[in-house]
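The next block is input34.txt, given as compact mmCIF, C-alpha atoms.
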```
# COMPACT_ATOMS: atom_id res chain seq x y z
CA MET A 1365 24.84 -2.73 8.81
CA SER A 1366 25.47 -2.90 12.55
CA GLU A 1367 24.39 -5.72 14.87
CA GLN A 1368 21.67 -3.42 16.15
CA GLY A 1369 20.11 -3.49 12.69
CA ASP A 1370 18.19 -0.62 11.15
CA SER A 1371 18.29 2.62 13.03
CA SER A 1372 14.97 4.39 13.35
CA LEU A 1373 16.20 6.93 10.78
CA GLN A 1374 16.98 4.22 8.25
CA GLN A 1375 13.52 2.74 8.75
CA LEU A 1376 12.01 6.14 8.34
CA MET A 1377 13.91 6.69 5.09
CA ALA A 1378 12.74 3.33 3.77
CA GLY A 1379 9.18 4.19 4.76
CA LEU A 1380 9.35 7.60 3.13
CA ALA A 1381 10.80 6.19 -0.08
CA HIS A 1382 8.03 3.62 -0.21
CA GLU A 1383 5.27 6.11 0.56
CA LEU A 1384 6.56 8.46 -2.15
CA ASN A 1385 6.46 5.71 -4.77
CA THR A 1386 2.69 5.63 -4.89
CA PRO A 1387 2.00 9.32 -5.67
CA LEU A 1388 5.11 9.37 -7.86
CA GLY A 1389 3.82 6.40 -9.87
CA ALA A 1390 0.50 8.17 -10.41
CA ILE A 1391 2.10 11.48 -11.40
CA ARG A 1392 4.55 9.83 -13.76
CA SER A 1393 1.81 7.89 -15.51
CA ASN A 1394 -0.48 10.93 -15.63
CA ARG A 1395 2.24 13.13 -17.12
CA ASP A 1396 2.61 10.56 -19.90
CA VAL A 1397 -1.18 10.49 -20.42
CA LEU A 1398 -1.25 14.31 -20.60
CA GLN A 1399 1.40 14.29 -23.28
CA ARG A 1400 -0.41 11.64 -25.33
CA ALA A 1401 -3.78 13.38 -25.02
CA ILE A 1402 -2.35 16.77 -25.98
CA SER A 1403 -0.59 15.35 -29.02
CA ARG A 1404 -3.89 13.78 -30.14
CA LEU A 1405 -5.67 17.10 -29.69
CA LEU A 1406 -2.99 18.79 -31.78
CA ASP A 1407 -3.40 16.14 -34.49
CA ILE A 1408 -7.13 16.77 -34.63
CA LEU A 1409 -6.60 20.52 -34.83
CA ALA A 1410 -3.75 20.32 -37.36
CA ASP A 1411 -5.97 20.84 -40.42
CA ASP A 1412 -7.85 23.75 -38.82
CA VAL A 1413 -11.11 21.91 -39.45
CA VAL A 1414 -13.10 20.13 -36.75
CA ASP A 1415 -15.92 17.85 -37.89
CA ALA A 1416 -18.70 16.34 -35.80
CA SER A 1417 -16.95 13.05 -35.06
CA GLU A 1418 -13.87 14.93 -33.94
CA ILE A 1419 -15.91 16.98 -31.48
CA GLU A 1420 -16.73 13.71 -29.64
CA GLN A 1421 -13.05 12.76 -29.58
CA ILE A 1422 -12.08 16.18 -28.27
CA ARG A 1423 -14.66 15.89 -25.51
CA GLY A 1424 -13.29 12.49 -24.50
CA LEU A 1425 -9.72 13.78 -24.48
CA VAL A 1426 -10.62 16.86 -22.45
CA ASN A 1427 -12.38 14.61 -19.92
CA THR A 1428 -9.23 12.53 -19.62
CA LEU A 1429 -7.15 15.69 -19.10
CA ASP A 1430 -9.55 16.80 -16.40
CA GLU A 1431 -9.35 13.48 -14.50
CA VAL A 1432 -5.59 13.35 -14.74
CA VAL A 1433 -5.12 16.89 -13.43
CA GLU A 1434 -7.46 16.21 -10.52
CA ILE A 1435 -5.57 13.04 -9.50
CA ASP A 1436 -2.24 14.85 -9.84
CA GLN A 1437 -3.47 17.41 -7.33
CA VAL A 1438 -4.27 14.60 -4.86
CA ALA A 1439 -0.82 13.06 -5.45
CA VAL A 1440 0.96 16.40 -5.00
CA ASP A 1441 -0.92 16.98 -1.73
CA VAL A 1442 0.18 13.56 -0.48
CA ILE A 1443 3.82 14.29 -1.34
CA THR A 1444 3.62 17.72 0.33
CA ASP A 1445 2.29 16.16 3.56
CA LEU A 1446 4.96 13.46 3.52
CA VAL A 1447 7.76 15.97 3.01
CA ALA A 1448 6.40 18.23 5.76
CA SER A 1449 6.22 15.28 8.15
CA ALA A 1450 9.71 14.11 7.27
CA ARG A 1451 11.05 17.62 7.72
CA SER A 1452 9.50 17.93 11.16
CA LEU A 1453 11.08 14.63 12.12
CA TRP A 1454 14.53 15.46 10.82
CA GLN A 1455 14.75 18.60 12.91
CA THR A 1456 16.08 16.45 15.74
CA ASP A 1457 19.19 18.56 16.28
CA GLU A 1458 17.25 21.80 16.42
CA ALA A 1459 17.83 22.84 20.01
CA VAL A 1460 15.00 25.37 20.21
CA LYS A 1461 11.84 24.34 22.01
CA ARG A 1462 8.58 25.10 20.26
CA SER A 1463 5.00 25.12 21.38
CA VAL A 1464 3.42 22.11 19.68
CA ASP A 1465 0.26 20.03 19.58
CA LEU A 1466 1.45 16.47 20.21
CA ARG A 1467 -1.51 15.13 18.19
CA LYS A 1468 0.01 16.74 15.10
CA VAL A 1469 3.36 15.20 15.90
CA LEU A 1470 1.66 11.80 16.22
CA ASP A 1471 -0.11 12.24 12.88
CA SER A 1472 3.19 13.08 11.13
CA THR A 1473 4.79 10.01 12.64
CA LEU A 1474 1.88 7.79 11.56
CA LEU A 1475 1.98 9.17 8.02
CA LEU A 1476 5.64 8.24 7.67
CA LEU A 1477 5.10 4.79 9.15
CA GLY A 1478 2.23 4.06 6.76
CA HIS A 1479 4.18 1.43 4.87
CA GLU A 1480 5.16 -0.37 8.05
CA LEU A 1481 1.61 -0.41 9.41
CA LYS A 1482 -1.13 -0.30 6.85
CA HIS A 1483 -1.16 -3.88 5.59
CA ARG A 1484 -1.50 -5.52 8.99
CA ILE A 1485 -2.06 -3.01 11.79
CA GLU A 1486 -5.24 -1.12 12.48
CA VAL A 1487 -4.45 2.20 14.14
CA VAL A 1488 -7.22 3.49 16.41
CA LYS A 1489 -6.91 7.13 17.41
CA GLU A 1490 -8.73 8.23 20.53
CA TYR A 1491 -7.54 11.81 20.76
CA GLY A 1492 -8.83 13.78 23.71
CA ASP A 1493 -8.23 17.48 24.43
CA LEU A 1494 -4.57 18.28 24.66
CA PRO A 1495 -2.99 21.64 25.48
CA THR A 1496 0.17 22.51 23.56
CA VAL A 1497 3.47 21.59 25.14
CA GLU A 1498 6.85 23.26 24.78
CA CYS A 1499 9.24 20.69 23.44
CA LEU A 1500 11.60 19.69 20.66
CA PRO A 1501 9.09 18.36 18.10
CA GLY A 1502 11.69 16.34 16.17
CA GLN A 1503 12.71 14.51 19.31
CA MET A 1504 9.12 13.85 20.33
CA ASN A 1505 8.57 12.45 16.86
CA GLN A 1506 11.54 10.15 17.35
CA VAL A 1507 10.07 8.88 20.63
CA PHE A 1508 6.63 8.26 19.12
CA MET A 1509 8.12 6.55 16.09
CA ASN A 1510 10.11 4.30 18.36
CA LEU A 1511 7.10 3.37 20.49
CA ILE A 1512 4.79 2.82 17.50
CA LEU A 1513 7.40 0.76 15.61
CA ASN A 1514 8.03 -1.36 18.71
CA ALA A 1515 4.28 -1.87 19.11
CA SER A 1516 3.97 -2.91 15.46
CA GLN A 1517 6.92 -5.29 15.70
CA VAL A 1518 5.63 -7.17 18.74
CA ILE A 1519 2.28 -7.85 17.05
CA PRO A 1520 2.82 -11.20 15.32
CA GLU A 1521 0.38 -10.99 12.43
CA LYS A 1522 -2.57 -8.66 12.38
CA GLY A 1523 -3.47 -6.46 15.32
CA THR A 1524 -4.38 -3.08 16.69
CA ILE A 1525 -2.43 -0.11 18.01
CA THR A 1526 -4.51 2.35 20.00
CA ILE A 1527 -3.26 5.89 20.54
CA ARG A 1528 -4.95 8.00 23.21
CA THR A 1529 -4.26 11.56 24.29
CA ARG A 1530 -5.53 13.49 27.29
CA SER A 1531 -4.57 16.18 29.74
CA SER A 1532 -3.96 15.31 33.38
CA ASP A 1533 -2.49 17.22 36.38
CA GLY A 1534 -0.45 19.64 34.33
CA TYR A 1535 0.76 16.99 31.91
CA ALA A 1536 -0.08 16.20 28.31
CA VAL A 1537 -0.48 12.42 28.24
CA VAL A 1538 0.01 10.19 25.19
CA GLU A 1539 -0.69 6.46 25.50
CA ILE A 1540 0.32 3.91 22.89
CA SER A 1541 -1.21 0.45 23.41
CA ASP A 1542 -0.64 -2.65 21.34
CA SER A 1543 -2.54 -5.93 21.01
CA GLY A 1544 0.72 -7.91 21.16
CA PRO A 1545 1.71 -10.66 23.61
CA GLY A 1546 2.54 -8.30 26.47
CA ILE A 1547 5.77 -8.02 28.45
CA ALA A 1548 7.02 -10.47 31.11
CA PRO A 1549 7.20 -8.89 34.64
CA ASP A 1550 11.00 -9.44 34.79
CA ASP A 1551 11.49 -7.63 31.49
CA LEU A 1552 9.25 -4.71 32.55
CA GLU A 1553 11.83 -3.63 35.14
CA ARG A 1554 14.69 -3.52 32.66
CA ILE A 1555 12.80 -2.33 29.61
CA PHE A 1556 14.18 1.23 29.68
CA ASP A 1557 17.80 0.11 30.17
CA VAL A 1558 19.93 1.15 27.21
CA GLY A 1559 20.78 -1.94 25.18
CA PHE A 1560 18.02 -4.11 26.63
CA THR A 1561 16.03 -6.00 24.02
CA THR A 1562 13.93 -9.15 23.84
CA LYS A 1563 14.11 -9.21 20.07
CA GLN A 1564 16.04 -12.13 18.61
CA THR A 1565 16.86 -10.67 15.24
CA LYS A 1566 18.16 -7.61 13.51
CA SER A 1567 14.81 -5.81 13.56
CA GLY A 1568 15.62 -4.85 17.15
CA MET A 1569 16.19 -1.30 18.24
CA GLY A 1570 17.66 -2.12 21.62
CA LEU A 1571 18.68 1.50 22.07
CA GLY A 1572 15.22 2.83 21.43
CA LEU A 1573 13.46 2.81 24.78
CA GLY A 1574 16.47 3.96 26.78
CA ILE A 1575 16.97 6.89 24.44
CA SER A 1576 13.24 7.65 24.46
CA LYS A 1577 13.25 7.81 28.24
CA ASP A 1578 16.24 10.16 28.12
CA ILE A 1579 14.57 12.47 25.62
CA ILE A 1580 11.35 12.71 27.61
CA GLU A 1581 13.14 13.27 30.94
CA ARG A 1582 15.23 16.06 29.44
CA GLN A 1583 11.94 17.80 28.64
CA GLY A 1584 10.80 17.50 32.24
CA GLY A 1585 8.47 14.58 31.56
CA ARG A 1586 8.44 10.86 32.17
CA ILE A 1587 7.61 7.63 30.43
CA GLU A 1588 5.81 4.65 31.96
CA VAL A 1589 4.88 1.17 30.88
CA GLU A 1590 2.10 -1.20 31.90
CA SER A 1591 1.55 -4.71 30.71
CA THR A 1592 -0.28 -7.89 31.55
CA PRO A 1593 1.23 -10.87 29.73
CA GLY A 1594 -1.24 -12.01 27.06
CA GLU A 1595 -3.04 -8.68 27.00
CA GLY A 1596 -0.64 -6.35 25.22
CA ALA A 1597 1.29 -3.39 26.59
CA THR A 1598 0.73 0.33 27.06
CA PHE A 1599 3.48 2.94 26.99
CA ARG A 1600 2.54 6.29 28.52
CA VAL A 1601 4.41 9.50 27.75
CA LEU A 1602 3.80 12.49 30.06
CA VAL A 1603 5.09 15.94 29.10
CA PRO A 1604 4.42 19.09 31.18
CA HIS A 1605 2.00 21.67 29.69
CA ALA A 1606 3.38 24.81 28.09
CA ALA A 1607 2.31 27.01 31.04
CA GLU A 1608 3.98 24.81 33.65
CA SER A 1609 7.21 24.31 31.76
CA SER A 1610 7.67 28.04 31.09
CA ALA A 1611 6.86 28.85 34.74
CA ALA A 1612 9.52 26.36 35.85
CA ARG A 1613 12.25 28.07 33.84
CA MET B 678 -14.23 -13.36 -26.93
CA SER B 679 -11.95 -11.16 -29.00
CA GLU B 680 -8.84 -9.58 -27.53
CA GLN B 681 -10.31 -6.15 -28.28
CA ASN B 682 -13.08 -6.47 -25.65
CA ALA B 683 -10.84 -7.93 -23.00
CA THR B 684 -11.51 -6.97 -19.39
CA ILE B 685 -8.72 -5.70 -17.14
CA LEU B 686 -9.23 -5.74 -13.37
CA VAL B 687 -7.12 -3.19 -11.46
CA VAL B 688 -6.84 -3.34 -7.65
CA ASP B 689 -4.87 -0.91 -5.48
CA ASP B 690 -5.92 0.60 -2.16
CA GLU B 691 -4.79 4.01 -3.46
CA GLU B 692 -7.33 5.54 -5.80
CA MET B 693 -4.66 7.71 -7.44
CA VAL B 694 -3.04 4.53 -8.77
CA THR B 695 -6.24 2.86 -10.03
CA SER B 696 -7.30 6.15 -11.59
CA ALA B 697 -3.94 6.70 -13.35
CA LEU B 698 -4.04 3.16 -14.76
CA ARG B 699 -7.63 3.59 -15.91
CA SER B 700 -6.85 6.92 -17.63
CA PHE B 701 -3.92 5.41 -19.48
CA LEU B 702 -5.56 2.12 -20.51
CA SER B 703 -8.74 3.90 -21.59
CA LEU B 704 -6.75 6.33 -23.73
CA GLU B 705 -4.54 3.78 -25.43
CA THR B 706 -6.60 0.57 -25.57
CA ALA B 707 -10.16 -0.61 -26.19
CA TYR B 708 -10.09 -2.84 -23.10
CA ARG B 709 -12.80 -2.58 -20.49
CA VAL B 710 -11.11 -1.45 -17.28
CA LEU B 711 -12.63 -2.26 -13.86
CA THR B 712 -10.96 -0.57 -10.88
CA PHE B 713 -11.27 -1.34 -7.18
CA THR B 714 -9.64 -0.01 -4.01
CA SER B 715 -10.91 -3.02 -2.04
CA PRO B 716 -9.51 -6.48 -2.89
CA VAL B 717 -12.55 -8.10 -1.25
CA GLU B 718 -14.96 -6.25 -3.55
CA ALA B 719 -12.72 -6.98 -6.53
CA LEU B 720 -12.84 -10.68 -5.72
CA ASP B 721 -16.66 -10.59 -5.59
CA THR B 722 -16.64 -9.15 -9.10
CA THR B 723 -14.74 -12.14 -10.46
CA ASP B 724 -17.82 -14.28 -9.69
CA SER B 725 -19.86 -12.48 -12.31
CA GLU B 726 -17.21 -11.00 -14.62
CA TRP B 727 -15.00 -12.65 -17.15
CA ILE B 728 -11.48 -11.36 -16.41
CA ASP B 729 -8.55 -11.46 -18.85
CA VAL B 730 -5.84 -9.66 -16.88
CA VAL B 731 -5.69 -8.70 -13.22
CA ILE B 732 -3.23 -6.09 -11.93
CA ALA B 733 -2.92 -6.00 -8.13
CA ASP B 734 -0.97 -3.90 -5.65
CA PHE B 735 1.05 -5.80 -3.07
CA MET B 736 0.46 -3.98 0.22
CA MET B 737 -3.23 -3.46 0.89
CA PRO B 738 -4.92 -3.26 4.31
CA GLU B 739 -7.59 -5.92 3.74
CA MET B 740 -5.54 -8.55 1.97
CA ASP B 741 -2.03 -8.59 0.49
CA GLY B 742 -1.63 -8.81 -3.28
CA ILE B 743 -0.30 -12.37 -3.30
CA THR B 744 -3.25 -13.70 -1.26
CA PHE B 745 -5.59 -11.79 -3.56
CA LEU B 746 -4.03 -13.16 -6.75
CA LYS B 747 -4.12 -16.69 -5.31
CA ALA B 748 -7.85 -16.27 -4.70
CA VAL B 749 -8.34 -14.94 -8.25
CA ARG B 750 -6.45 -17.97 -9.57
CA GLU B 751 -8.97 -20.26 -7.81
CA LYS B 752 -11.95 -18.48 -9.34
CA ARG B 753 -10.57 -17.49 -12.76
CA PRO B 754 -7.55 -19.67 -13.47
CA GLU B 755 -7.23 -18.39 -17.03
CA ALA B 756 -6.84 -14.72 -15.98
CA THR B 757 -3.27 -13.44 -16.33
CA ARG B 758 -1.94 -12.26 -12.96
CA ILE B 759 0.30 -9.20 -12.58
CA LEU B 760 1.66 -7.75 -9.32
CA LEU B 761 2.32 -3.99 -9.23
CA THR B 762 4.34 -3.06 -6.21
CA GLY B 763 6.21 -0.16 -4.67
CA TYR B 764 7.90 -2.54 -2.31
CA ALA B 765 10.44 -4.35 -4.43
CA ASP B 766 11.69 -7.35 -2.58
CA LYS B 767 12.94 -10.57 -4.09
CA GLU B 768 11.46 -12.81 -1.44
CA ASN B 769 7.91 -11.64 -2.12
CA ALA B 770 8.41 -11.77 -5.88
CA ILE B 771 9.46 -15.41 -5.64
CA ARG B 772 6.57 -16.15 -3.26
CA ALA B 773 4.15 -14.56 -5.73
CA ILE B 774 5.54 -16.54 -8.65
CA ASN B 775 5.29 -19.81 -6.74
CA GLU B 776 2.06 -19.31 -4.83
CA ALA B 777 -0.03 -17.23 -7.20
CA GLY B 778 1.40 -18.37 -10.54
CA LEU B 779 2.44 -14.81 -11.27
CA TYR B 780 2.87 -13.79 -14.91
CA TYR B 781 4.68 -10.49 -14.36
CA TYR B 782 6.07 -8.34 -11.55
CA LEU B 783 5.91 -4.57 -12.17
CA GLU B 784 7.46 -1.96 -9.91
CA LYS B 785 6.13 1.48 -9.03
CA PRO B 786 6.71 3.97 -10.52
CA TRP B 787 5.89 2.07 -13.70
CA ASP B 788 6.47 2.95 -17.34
CA ASN B 789 3.25 3.15 -19.39
CA ASP B 790 4.73 1.76 -22.63
CA HIS B 791 6.12 -1.21 -20.72
CA LEU B 792 2.84 -1.70 -18.86
CA GLN B 793 0.93 -1.66 -22.15
CA VAL B 794 3.12 -4.40 -23.63
CA VAL B 795 2.80 -6.54 -20.49
CA VAL B 796 -1.00 -6.11 -20.43
CA ARG B 797 -1.34 -6.81 -24.16
CA ASN B 798 0.71 -10.00 -23.83
CA GLY B 799 -1.34 -10.91 -20.77
CA VAL B 800 -4.59 -10.54 -22.73
CA GLU B 801 -3.16 -12.65 -25.56
CA ARG B 802 -2.14 -15.31 -23.08
CA ALA B 803 -5.60 -15.42 -21.44
CA THR B 804 -7.23 -15.66 -24.88
CA LEU B 805 -4.95 -18.54 -25.87
CA VAL B 806 -5.58 -20.40 -22.62
CA ARG B 807 -9.31 -20.04 -23.18
CA GLU B 808 -9.06 -21.23 -26.80
CA LEU B 809 -6.98 -24.16 -25.70
CA GLU B 810 -9.59 -25.08 -23.12
CA ALA B 811 -12.36 -24.83 -25.71
CA ARG B 812 -10.43 -27.02 -28.16
CA ALA B 813 -9.64 -29.55 -25.43
CA ALA B 814 -13.34 -29.68 -24.53
CA GLU B 815 -14.25 -30.21 -28.20
CA LEU B 816 -11.69 -32.96 -28.47
CA GLU B 817 -13.00 -34.61 -25.36
CA SER B 818 -16.59 -34.53 -26.60
CA ALA B 819 -15.47 -35.87 -30.02
CA HIS B 820 -13.69 -38.64 -28.20
CA GLU B 821 -16.85 -39.48 -26.24
CA ASP B 822 -18.90 -39.52 -29.47
CA LEU B 823 -16.37 -41.86 -31.00
CA ALA B 824 -16.44 -44.17 -27.99
CA GLY B 825 -20.25 -44.25 -28.10
CA PHE B 826 -20.22 -44.95 -31.83
CA ARG B 827 -17.70 -47.73 -31.35
CA LYS B 828 -19.82 -49.27 -28.62
CA ARG B 829 -22.95 -49.18 -30.79
CA LEU B 830 -21.01 -50.62 -33.70
CA MET B 831 -19.70 -53.47 -31.62
CA GLN B 832 -23.19 -54.20 -30.31
CA ALA B 833 -24.61 -54.18 -33.87
CA LEU B 834 -21.92 -56.45 -35.19
CA LEU B 835 -21.70 -58.99 -32.39
```

Show this structure as structure tokens.
Amino acid sequence: MSEQGDSSLQQLMAGLAHELNTPLGAIRSNRDVLQRAISRLLDILADDVVDASEIEQIRGLVNTLDEVVEIDQVAVDVITDLVASARSLWQTDEAVKRSVDLRKVLDSTLLLLGHELKHRIEVVKEYGDLPTVECLPGQMNQVFMNLILNASQVIPEKGTITIRTRSSDGYAVVEISDSGPGIAPDDLERIFDVGFTTKQTKSGMGLGLGISKDIIERQGGRIEVESTPGEGATFRVLVPHAAESSAAR
Amino acid sequence: MSEQNATILVVDDEEMVTSALRSFLSLETAYRVLTFTSPVEALDTTDSEWIDVVIADFMMPEMDGITFLKAVREKRPEATRILLTGYADKENAIRAINEAGLYYYLEKPWDNDHLQVVVRNGVERATLVRELEARAAELESAHEDLAGFRKRLMQALL
């Protein structure tokens, strides 16, 4: 592994693998339960005679089958959402802009970061109206993942990440605020320099903010940061609305 | 309490996991299975319920599995503690063994036959611990009786 530590893609893969384990565990166990219940039903029916006590058993087994099938549906839905989110993120090299709702992109990112966040970070979503923007959704996802992961990593133990969206002066605005220690004024000026990091250890993604800034600027937008030491930090991503960006072409 | 009516406490913030475990244990065993998606609520239950085996997830929003099992150990020291985790890491396993007196570390996705053996052994262990405690208490009370008898004897004789 490089000095820079995990790339965002590696972290995403680890997150996805972890998130898949839960529904997979349920489905695997349920498949085994289905097999056991069916073989018991077949045993009961083997002599072609069903007596009163067996009717009770059959009812119990059918109830079990019912529960198991219902939970499997939930698990399959979870896996489907995870795969759809991962797919949207991996389309980073797709060079075609699409009209997207950034709130959906944020939700995909959050789903895939579940394992990184859920045990210690409360995510508060304050989504306001947001027109669609024309952008590369995979790249936007990469930016959001970077900002949310950074926010989670600067929060020492438990804390909050607040995500707000709104529309302002032709821009779709996404703000990601953390309840971490904030950023020193000297560091604020250099924070988007490629390679700049305040992180001591391998968890750092020193390339992240510089690359994020690049991605957003290539889409005609900009990225800003505000912070008061001791009161957390807010990163603001502004991307032009679909109408404006197509008019500019 | 016989091993047949043992109580198993299952805690995971994902209902699909608690439900899968309940379906399996209810089909294959006579144990009473209590499931919770909140470790805090599960902990409240240990005040009023006799628990033989507790199976807890590691990563939960309210409280991590190791902290939860440590708290269970305080309230029900005889309950056998099992961690079920999708996040296999050696450091946490060792922490759990040291801090929560972990009996077994299971990884997701788990194998039902294996889980059944681990739970059965866990119930047996809890039953033995309880029997041992009962016998030790009997022994202690017999010892007290003997000491009292000796004292009375000495007083009568001297």

(request) Could you jot down the atom CA of B:Lys767 to atom CA of B:Tyr782 separation for me, Å, one decimal place? (result) 10.4 Å

(message) So that I can check the surroundings of stretch 715-721 of chain B, please list as a ChimeraX atom specification every protein, DNA and RNA residue that reaches within 9 Å of it, counting only C-alpha atoms and ignoring chain neighbours fewer than 4 positions away.
(response) /B:686-690,711,725,733,737-742,745,748-749,752

(message) From the options B:Pro786, B:Gly778, B:Gly825, B:Pro754, which residue's atoms come nearest to chain A, counting all atoms listed in the file?
(response) B:Pro786

(message) With all atoms listed in the file considered, list every residue of chain A at most 6 Å from chain B, as a PyMOL selection string.
(response) chain A and resi 1385+1389-1390+1394+1397+1435+1482-1483

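Distance-wise, atom CA of B:His791 and atom CA of A:His1382 end up 21.2 Å apart.
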